[in-house]
>>> print(open('protein_11.cif').read())   # mmCIF, N, CA and C atoms
data_coords
loop_
_atom_site.label_atom_id
_atom_site.label_comp_id
_atom_site.auth_asym_id
_atom_site.auth_seq_id
_atom_site.Cartn_x
_atom_site.Cartn_y
_atom_site.Cartn_z
N MET A 138 -2.26 -7.92 -16.25
CA MET A 138 -2.00 -6.55 -15.88
C MET A 138 -0.88 -6.02 -16.77
N GLN A 139 -1.03 -4.80 -17.21
CA GLN A 139 -0.01 -4.14 -18.02
C GLN A 139 0.25 -2.76 -17.43
N THR A 140 1.52 -2.44 -17.22
CA THR A 140 1.86 -1.11 -16.74
C THR A 140 1.91 -0.15 -17.92
N LEU A 141 1.60 1.11 -17.64
CA LEU A 141 1.54 2.14 -18.67
C LEU A 141 2.69 3.12 -18.48
N LEU A 142 3.49 3.28 -19.52
CA LEU A 142 4.60 4.21 -19.51
C LEU A 142 4.60 4.96 -20.84
N PRO A 143 4.12 6.21 -20.84
CA PRO A 143 4.11 6.98 -22.08
C PRO A 143 5.51 7.10 -22.67
N PRO A 144 5.60 7.12 -24.00
CA PRO A 144 6.91 7.23 -24.66
C PRO A 144 7.70 8.45 -24.18
N GLY A 145 8.98 8.22 -23.90
CA GLY A 145 9.85 9.31 -23.49
C GLY A 145 9.82 9.64 -22.01
N TRP A 146 8.88 9.08 -21.27
CA TRP A 146 8.82 9.33 -19.83
C TRP A 146 9.85 8.46 -19.12
N PRO A 147 10.47 8.98 -18.07
CA PRO A 147 11.39 8.13 -17.30
C PRO A 147 10.59 7.07 -16.53
N ARG A 148 11.20 5.92 -16.37
CA ARG A 148 10.53 4.84 -15.63
C ARG A 148 10.49 5.21 -14.15
N PRO A 149 9.29 5.22 -13.55
CA PRO A 149 9.20 5.52 -12.12
C PRO A 149 9.83 4.41 -11.29
N ARG A 150 10.28 4.77 -10.11
CA ARG A 150 10.95 3.81 -9.24
C ARG A 150 9.96 3.35 -8.16
N GLY A 151 9.59 2.07 -8.21
CA GLY A 151 8.75 1.50 -7.17
C GLY A 151 7.26 1.58 -7.40
N TYR A 152 6.84 2.11 -8.53
CA TYR A 152 5.41 2.19 -8.83
C TYR A 152 5.26 2.35 -10.34
N ALA A 153 4.04 2.35 -10.82
CA ALA A 153 3.74 2.57 -12.24
C ALA A 153 2.94 3.85 -12.39
N ASN A 154 3.08 4.51 -13.53
CA ASN A 154 2.26 5.69 -13.81
C ASN A 154 0.79 5.30 -13.98
N GLY A 155 0.57 4.14 -14.51
CA GLY A 155 -0.79 3.64 -14.70
C GLY A 155 -0.75 2.14 -14.96
N VAL A 156 -1.91 1.52 -14.87
CA VAL A 156 -2.03 0.07 -15.03
C VAL A 156 -3.34 -0.23 -15.73
N THR A 157 -3.33 -1.21 -16.63
CA THR A 157 -4.57 -1.74 -17.18
C THR A 157 -4.71 -3.19 -16.72
N ALA A 158 -5.95 -3.61 -16.51
CA ALA A 158 -6.20 -4.98 -16.06
C ALA A 158 -7.64 -5.36 -16.39
N ARG A 159 -7.86 -6.66 -16.56
CA ARG A 159 -9.21 -7.20 -16.77
C ARG A 159 -9.44 -8.28 -15.74
N GLY A 160 -10.67 -8.35 -15.23
CA GLY A 160 -10.99 -9.42 -14.29
C GLY A 160 -11.91 -8.97 -13.18
N ARG A 161 -11.97 -9.78 -12.12
CA ARG A 161 -12.82 -9.49 -10.97
C ARG A 161 -12.08 -8.54 -10.04
N MET A 162 -12.74 -7.48 -9.65
CA MET A 162 -12.12 -6.45 -8.82
C MET A 162 -12.35 -6.72 -7.34
N VAL A 163 -11.32 -6.43 -6.55
CA VAL A 163 -11.39 -6.53 -5.10
C VAL A 163 -10.95 -5.17 -4.54
N PHE A 164 -11.79 -4.58 -3.72
CA PHE A 164 -11.51 -3.27 -3.14
C PHE A 164 -11.25 -3.44 -1.64
N VAL A 165 -10.10 -2.96 -1.20
CA VAL A 165 -9.74 -3.07 0.21
C VAL A 165 -9.82 -1.67 0.83
N ALA A 166 -10.62 -1.55 1.87
CA ALA A 166 -10.75 -0.28 2.58
C ALA A 166 -9.41 0.10 3.20
N GLY A 167 -9.31 1.31 3.67
CA GLY A 167 -8.07 1.78 4.28
C GLY A 167 -7.68 0.91 5.47
N MET A 168 -6.50 0.31 5.39
CA MET A 168 -5.96 -0.53 6.46
C MET A 168 -4.92 0.28 7.22
N ILE A 169 -4.99 0.22 8.54
CA ILE A 169 -4.04 0.93 9.39
C ILE A 169 -3.17 -0.08 10.13
N GLY A 170 -2.26 0.40 10.97
CA GLY A 170 -1.26 -0.44 11.60
C GLY A 170 -1.67 -1.11 12.89
N TRP A 171 -2.91 -1.53 13.00
CA TRP A 171 -3.30 -2.33 14.16
C TRP A 171 -3.57 -3.75 13.72
N ASP A 172 -3.62 -4.67 14.69
CA ASP A 172 -3.83 -6.07 14.37
C ASP A 172 -5.32 -6.38 14.21
N ALA A 173 -5.64 -7.65 14.03
CA ALA A 173 -7.02 -8.07 13.78
C ALA A 173 -7.96 -7.76 14.95
N GLU A 174 -7.39 -7.56 16.15
CA GLU A 174 -8.21 -7.22 17.32
C GLU A 174 -8.27 -5.71 17.54
N GLY A 175 -7.69 -4.94 16.63
CA GLY A 175 -7.73 -3.48 16.77
C GLY A 175 -6.72 -2.94 17.77
N VAL A 176 -5.60 -3.68 17.95
CA VAL A 176 -4.57 -3.28 18.90
C VAL A 176 -3.32 -2.84 18.14
N PHE A 177 -2.82 -1.65 18.49
CA PHE A 177 -1.54 -1.18 17.95
C PHE A 177 -0.42 -1.80 18.78
N HIS A 178 0.60 -2.32 18.11
CA HIS A 178 1.75 -2.88 18.82
C HIS A 178 2.97 -1.98 18.73
N THR A 179 2.86 -0.90 17.97
CA THR A 179 3.97 0.02 17.84
C THR A 179 3.47 1.40 17.41
N ASP A 180 4.24 2.41 17.78
CA ASP A 180 4.01 3.75 17.27
C ASP A 180 5.06 4.12 16.23
N ASP A 181 5.88 3.16 15.85
CA ASP A 181 6.88 3.33 14.81
C ASP A 181 6.20 3.28 13.45
N LEU A 182 6.45 4.28 12.59
CA LEU A 182 5.79 4.35 11.29
C LEU A 182 6.05 3.10 10.45
N ALA A 183 7.30 2.68 10.35
CA ALA A 183 7.61 1.50 9.53
C ALA A 183 6.91 0.26 10.09
N GLY A 184 6.83 0.14 11.39
CA GLY A 184 6.12 -0.98 12.00
C GLY A 184 4.63 -0.94 11.70
N GLN A 185 4.05 0.25 11.72
CA GLN A 185 2.63 0.37 11.37
C GLN A 185 2.40 0.07 9.89
N VAL A 186 3.34 0.48 9.03
CA VAL A 186 3.22 0.14 7.60
C VAL A 186 3.24 -1.36 7.43
N ARG A 187 4.18 -2.03 8.11
CA ARG A 187 4.27 -3.50 8.01
C ARG A 187 2.93 -4.15 8.39
N GLN A 188 2.34 -3.72 9.51
CA GLN A 188 1.07 -4.30 9.94
C GLN A 188 -0.05 -3.96 8.97
N ALA A 189 -0.09 -2.73 8.49
CA ALA A 189 -1.13 -2.33 7.54
C ALA A 189 -1.04 -3.18 6.27
N LEU A 190 0.18 -3.44 5.78
CA LEU A 190 0.34 -4.28 4.60
C LEU A 190 -0.09 -5.71 4.87
N GLN A 191 0.20 -6.22 6.07
CA GLN A 191 -0.27 -7.56 6.42
C GLN A 191 -1.80 -7.60 6.44
N ASN A 192 -2.40 -6.53 6.93
CA ASN A 192 -3.87 -6.45 6.94
C ASN A 192 -4.42 -6.43 5.53
N VAL A 193 -3.77 -5.69 4.63
CA VAL A 193 -4.18 -5.64 3.23
C VAL A 193 -4.17 -7.06 2.64
N VAL A 194 -3.09 -7.78 2.87
CA VAL A 194 -2.95 -9.13 2.32
C VAL A 194 -4.03 -10.06 2.88
N ALA A 195 -4.37 -9.92 4.15
CA ALA A 195 -5.41 -10.75 4.75
C ALA A 195 -6.77 -10.49 4.10
N VAL A 196 -7.09 -9.23 3.85
CA VAL A 196 -8.37 -8.90 3.21
C VAL A 196 -8.37 -9.37 1.76
N LEU A 197 -7.25 -9.17 1.06
CA LEU A 197 -7.16 -9.67 -0.32
C LEU A 197 -7.43 -11.16 -0.37
N ALA A 198 -6.80 -11.92 0.54
CA ALA A 198 -6.96 -13.37 0.56
C ALA A 198 -8.42 -13.75 0.76
N GLU A 199 -9.11 -13.01 1.62
CA GLU A 199 -10.54 -13.29 1.85
C GLU A 199 -11.35 -13.13 0.57
N GLY A 200 -10.88 -12.25 -0.33
CA GLY A 200 -11.55 -12.04 -1.61
C GLY A 200 -11.00 -12.89 -2.73
N GLY A 201 -10.07 -13.81 -2.40
CA GLY A 201 -9.50 -14.69 -3.41
C GLY A 201 -8.37 -14.04 -4.20
N ALA A 202 -7.85 -12.92 -3.73
CA ALA A 202 -6.78 -12.21 -4.44
C ALA A 202 -5.46 -12.38 -3.72
N LYS A 203 -4.39 -12.09 -4.45
CA LYS A 203 -3.03 -12.14 -3.92
C LYS A 203 -2.39 -10.77 -4.12
N PRO A 204 -1.29 -10.52 -3.45
CA PRO A 204 -0.63 -9.22 -3.61
C PRO A 204 -0.31 -8.87 -5.07
N GLU A 205 0.04 -9.86 -5.87
CA GLU A 205 0.37 -9.57 -7.26
C GLU A 205 -0.83 -9.10 -8.08
N HIS A 206 -2.03 -9.19 -7.52
CA HIS A 206 -3.23 -8.69 -8.20
C HIS A 206 -3.50 -7.21 -7.93
N ILE A 207 -2.71 -6.61 -7.04
CA ILE A 207 -2.91 -5.19 -6.72
C ILE A 207 -2.59 -4.34 -7.94
N VAL A 208 -3.52 -3.46 -8.30
CA VAL A 208 -3.29 -2.54 -9.42
C VAL A 208 -3.18 -1.10 -8.96
N ARG A 209 -3.70 -0.80 -7.76
CA ARG A 209 -3.67 0.58 -7.27
C ARG A 209 -3.56 0.58 -5.75
N MET A 210 -2.71 1.48 -5.24
CA MET A 210 -2.58 1.68 -3.80
C MET A 210 -2.59 3.17 -3.53
N THR A 211 -3.30 3.56 -2.48
CA THR A 211 -3.26 4.94 -2.00
C THR A 211 -2.83 4.90 -0.54
N TRP A 212 -1.76 5.66 -0.25
CA TRP A 212 -1.19 5.72 1.10
C TRP A 212 -1.48 7.09 1.66
N TYR A 213 -2.02 7.12 2.86
CA TYR A 213 -2.23 8.37 3.60
C TYR A 213 -1.29 8.33 4.79
N VAL A 214 -0.41 9.31 4.89
CA VAL A 214 0.56 9.36 5.99
C VAL A 214 0.40 10.68 6.73
N THR A 215 0.64 10.63 8.03
CA THR A 215 0.47 11.83 8.85
C THR A 215 1.73 12.67 8.94
N ASP A 216 2.87 12.13 8.47
CA ASP A 216 4.13 12.87 8.55
C ASP A 216 4.99 12.51 7.34
N ARG A 217 5.01 13.39 6.36
CA ARG A 217 5.75 13.15 5.13
C ARG A 217 7.24 12.93 5.40
N LYS A 218 7.82 13.74 6.28
CA LYS A 218 9.25 13.62 6.57
C LYS A 218 9.57 12.27 7.21
N ALA A 219 8.74 11.83 8.12
CA ALA A 219 8.96 10.51 8.74
C ALA A 219 8.81 9.40 7.70
N TYR A 220 7.86 9.56 6.79
CA TYR A 220 7.63 8.58 5.72
C TYR A 220 8.87 8.49 4.83
N VAL A 221 9.38 9.62 4.40
CA VAL A 221 10.57 9.63 3.55
C VAL A 221 11.77 9.05 4.31
N ALA A 222 11.93 9.41 5.56
CA ALA A 222 13.05 8.89 6.36
C ALA A 222 12.96 7.38 6.54
N ALA A 223 11.76 6.83 6.53
CA ALA A 223 11.56 5.39 6.74
C ALA A 223 11.55 4.60 5.43
N TYR A 224 11.83 5.24 4.29
CA TYR A 224 11.82 4.54 3.00
C TYR A 224 12.53 3.18 3.04
N PRO A 225 13.75 3.09 3.58
CA PRO A 225 14.42 1.77 3.55
C PRO A 225 13.63 0.68 4.28
N GLU A 226 13.13 1.00 5.47
CA GLU A 226 12.36 0.00 6.23
C GLU A 226 11.02 -0.29 5.57
N ILE A 227 10.38 0.75 5.06
CA ILE A 227 9.10 0.56 4.37
C ILE A 227 9.30 -0.29 3.12
N GLY A 228 10.36 0.00 2.37
CA GLY A 228 10.65 -0.78 1.17
C GLY A 228 10.88 -2.25 1.48
N LYS A 229 11.61 -2.50 2.57
CA LYS A 229 11.87 -3.88 2.99
C LYS A 229 10.57 -4.59 3.33
N ALA A 230 9.71 -3.95 4.11
CA ALA A 230 8.42 -4.54 4.47
C ALA A 230 7.58 -4.78 3.22
N PHE A 231 7.57 -3.82 2.32
CA PHE A 231 6.79 -3.94 1.09
C PHE A 231 7.25 -5.16 0.29
N ARG A 232 8.56 -5.30 0.10
CA ARG A 232 9.08 -6.42 -0.68
C ARG A 232 8.77 -7.76 0.00
N GLU A 233 8.86 -7.82 1.33
CA GLU A 233 8.60 -9.06 2.05
C GLU A 233 7.13 -9.45 2.03
N ILE A 234 6.24 -8.48 2.13
CA ILE A 234 4.81 -8.78 2.29
C ILE A 234 4.06 -8.72 0.97
N ILE A 235 4.35 -7.72 0.17
CA ILE A 235 3.63 -7.52 -1.10
C ILE A 235 4.41 -8.12 -2.26
N GLY A 236 5.71 -7.96 -2.28
CA GLY A 236 6.55 -8.43 -3.37
C GLY A 236 7.06 -7.25 -4.17
N SER A 237 7.62 -7.54 -5.31
CA SER A 237 8.09 -6.44 -6.15
C SER A 237 7.27 -6.45 -7.43
N PHE A 238 6.44 -5.47 -7.57
CA PHE A 238 5.63 -5.31 -8.77
C PHE A 238 5.30 -3.83 -8.87
N ASN A 239 4.65 -3.47 -9.94
CA ASN A 239 4.40 -2.05 -10.19
C ASN A 239 2.91 -1.75 -10.23
N ALA A 240 2.37 -1.35 -9.12
CA ALA A 240 0.99 -0.87 -9.06
C ALA A 240 1.03 0.64 -9.23
N ALA A 241 -0.07 1.21 -9.65
CA ALA A 241 -0.20 2.66 -9.65
C ALA A 241 -0.36 3.08 -8.19
N MET A 242 0.49 4.01 -7.73
CA MET A 242 0.48 4.39 -6.32
C MET A 242 0.42 5.89 -6.15
N THR A 243 -0.23 6.28 -5.06
CA THR A 243 -0.28 7.67 -4.63
C THR A 243 -0.02 7.69 -3.14
N ALA A 244 0.77 8.67 -2.70
CA ALA A 244 0.99 8.88 -1.27
C ALA A 244 0.62 10.33 -0.97
N VAL A 245 -0.16 10.52 0.09
CA VAL A 245 -0.66 11.84 0.46
C VAL A 245 -0.41 12.08 1.93
N GLU A 246 0.11 13.25 2.27
CA GLU A 246 0.24 13.62 3.67
C GLU A 246 -1.09 14.23 4.12
N VAL A 247 -1.58 13.75 5.25
CA VAL A 247 -2.85 14.23 5.79
C VAL A 247 -2.64 14.79 7.20
N ALA A 248 -3.55 15.64 7.63
CA ALA A 248 -3.43 16.26 8.96
C ALA A 248 -3.64 15.23 10.07
N GLY A 249 -4.38 14.19 9.79
CA GLY A 249 -4.62 13.17 10.80
C GLY A 249 -5.50 12.08 10.23
N LEU A 250 -5.56 10.97 10.95
CA LEU A 250 -6.43 9.85 10.59
C LEU A 250 -7.43 9.66 11.71
N ILE A 251 -8.47 8.93 11.45
CA ILE A 251 -9.56 8.78 12.43
C ILE A 251 -9.06 8.15 13.73
N GLU A 252 -8.22 7.12 13.62
CA GLU A 252 -7.64 6.51 14.82
C GLU A 252 -6.42 7.33 15.23
N ASP A 253 -6.43 7.85 16.46
CA ASP A 253 -5.39 8.76 16.91
C ASP A 253 -3.97 8.22 16.77
N ARG A 254 -3.76 6.95 17.04
CA ARG A 254 -2.40 6.38 16.98
C ARG A 254 -1.96 6.03 15.57
N ALA A 255 -2.90 5.99 14.63
CA ALA A 255 -2.56 5.59 13.26
C ALA A 255 -1.70 6.66 12.59
N GLN A 256 -0.61 6.22 11.98
CA GLN A 256 0.28 7.10 11.24
C GLN A 256 0.20 6.88 9.74
N VAL A 257 -0.42 5.77 9.34
CA VAL A 257 -0.55 5.44 7.93
C VAL A 257 -1.86 4.70 7.72
N GLU A 258 -2.46 4.93 6.56
CA GLU A 258 -3.64 4.18 6.14
C GLU A 258 -3.44 3.87 4.66
N ILE A 259 -3.66 2.61 4.29
CA ILE A 259 -3.40 2.16 2.92
C ILE A 259 -4.66 1.52 2.37
N GLU A 260 -5.14 2.04 1.23
CA GLU A 260 -6.27 1.40 0.56
C GLU A 260 -5.79 0.84 -0.77
N VAL A 261 -6.46 -0.22 -1.22
CA VAL A 261 -5.98 -1.00 -2.35
C VAL A 261 -7.12 -1.39 -3.27
N THR A 262 -6.83 -1.43 -4.56
CA THR A 262 -7.69 -2.04 -5.54
C THR A 262 -6.89 -3.16 -6.20
N ALA A 263 -7.49 -4.34 -6.29
CA ALA A 263 -6.85 -5.47 -6.95
C ALA A 263 -7.78 -5.99 -8.05
N VAL A 264 -7.18 -6.61 -9.05
CA VAL A 264 -7.95 -7.22 -10.13
C VAL A 264 -7.44 -8.64 -10.32
N ILE A 265 -8.34 -9.59 -10.11
CA ILE A 265 -8.01 -10.99 -10.33
C ILE A 265 -8.27 -11.28 -11.80
N PRO A 266 -7.25 -11.68 -12.57
CA PRO A 266 -7.42 -11.88 -14.01
C PRO A 266 -8.52 -12.87 -14.35
N ASP A 267 -9.16 -12.63 -15.50
CA ASP A 267 -10.19 -13.56 -16.00
C ASP A 267 -9.58 -14.91 -16.28
#
>>> encode(input="protein_11.cif", output="structure tokens")
Amino acid sequence: MQTLLPPGWPRPRGYANGVTARGRMVFVAGMIGWDAEGVFHTDDLAGQVRQALQNVVAVLAEGGAKPEHIVRMTWYVTDRKAYVAAYPEIGKAFREIIGSFNAAMTAVEVAGLIEDRAQVEIEVTAVIPD
């Protein structure tokens, strides 16, 4: 995997502008903050992010991938202000569960998610190197 940074652009913090990779692709559907039985254990945004990231890692593992193979993440959040306020806790969960690497990331505020209690949904693309 190689991160893409056009000449003269400032280095983004916590993500990459773009990524190139070769290998077998693994696509993870949107994961929300409930457990494997479909039970929410918290209505706290950072807690739901932690669980959603754990769910992402579980699906990646089923496909033979690891967090370091993630090349793209899209985050859908229902409250931008709550998301920004939770940056420290979200960052801590991200580093503990995913690690520190630079995937291309997008975060979008949405009016709602299909599951009423869900505050975040994270979808991922990973590439396992050849």
>>> atom_distance(input="protein_11.cif", atom1="CA of Gly228 in chain A", atom2="CA of Leu142 in chain A")
22.1 Å
>>> axis_aligned_box(input="protein_11.cif", around="range 222-240 of chain A", padding_each_side="4 Å", output="lines of an AutoDock Vina configuration file")
center_x = 7.7
center_y = 0.0
center_z = -1.7
size_x = 21.4
size_y = 26.9
size_z = 25.0
>>> closest_residue(input="protein_11.cif", among="A:Pro143, A:Gly184, A:Pro266, A:Pro204", to="Arg232 in chain A", atoms="only C-alpha atoms")
A:Pro204
>>> resolve_selection(input="protein_11.cif", expression="the PyMOL selection byres ((chain A and resi 252-260) around 5)", output="MDAnalysis selection string")
chainID A and resid 165:169 210:215 250:251 261:262
>>> select_by_dssp(input="protein_11.cif", residues="chain A", states="strand (DSSP E or B)", output="PyMOL selection string")
chain A and resi 139-141+153+155-157+160-168+171+177+207-214+241-246+257-266
>>> atom_distance(input="protein_11.cif", atom1="atom C of Gly145 in chain A", atom2="CA of Tyr220 in chain A")
27.8 Å
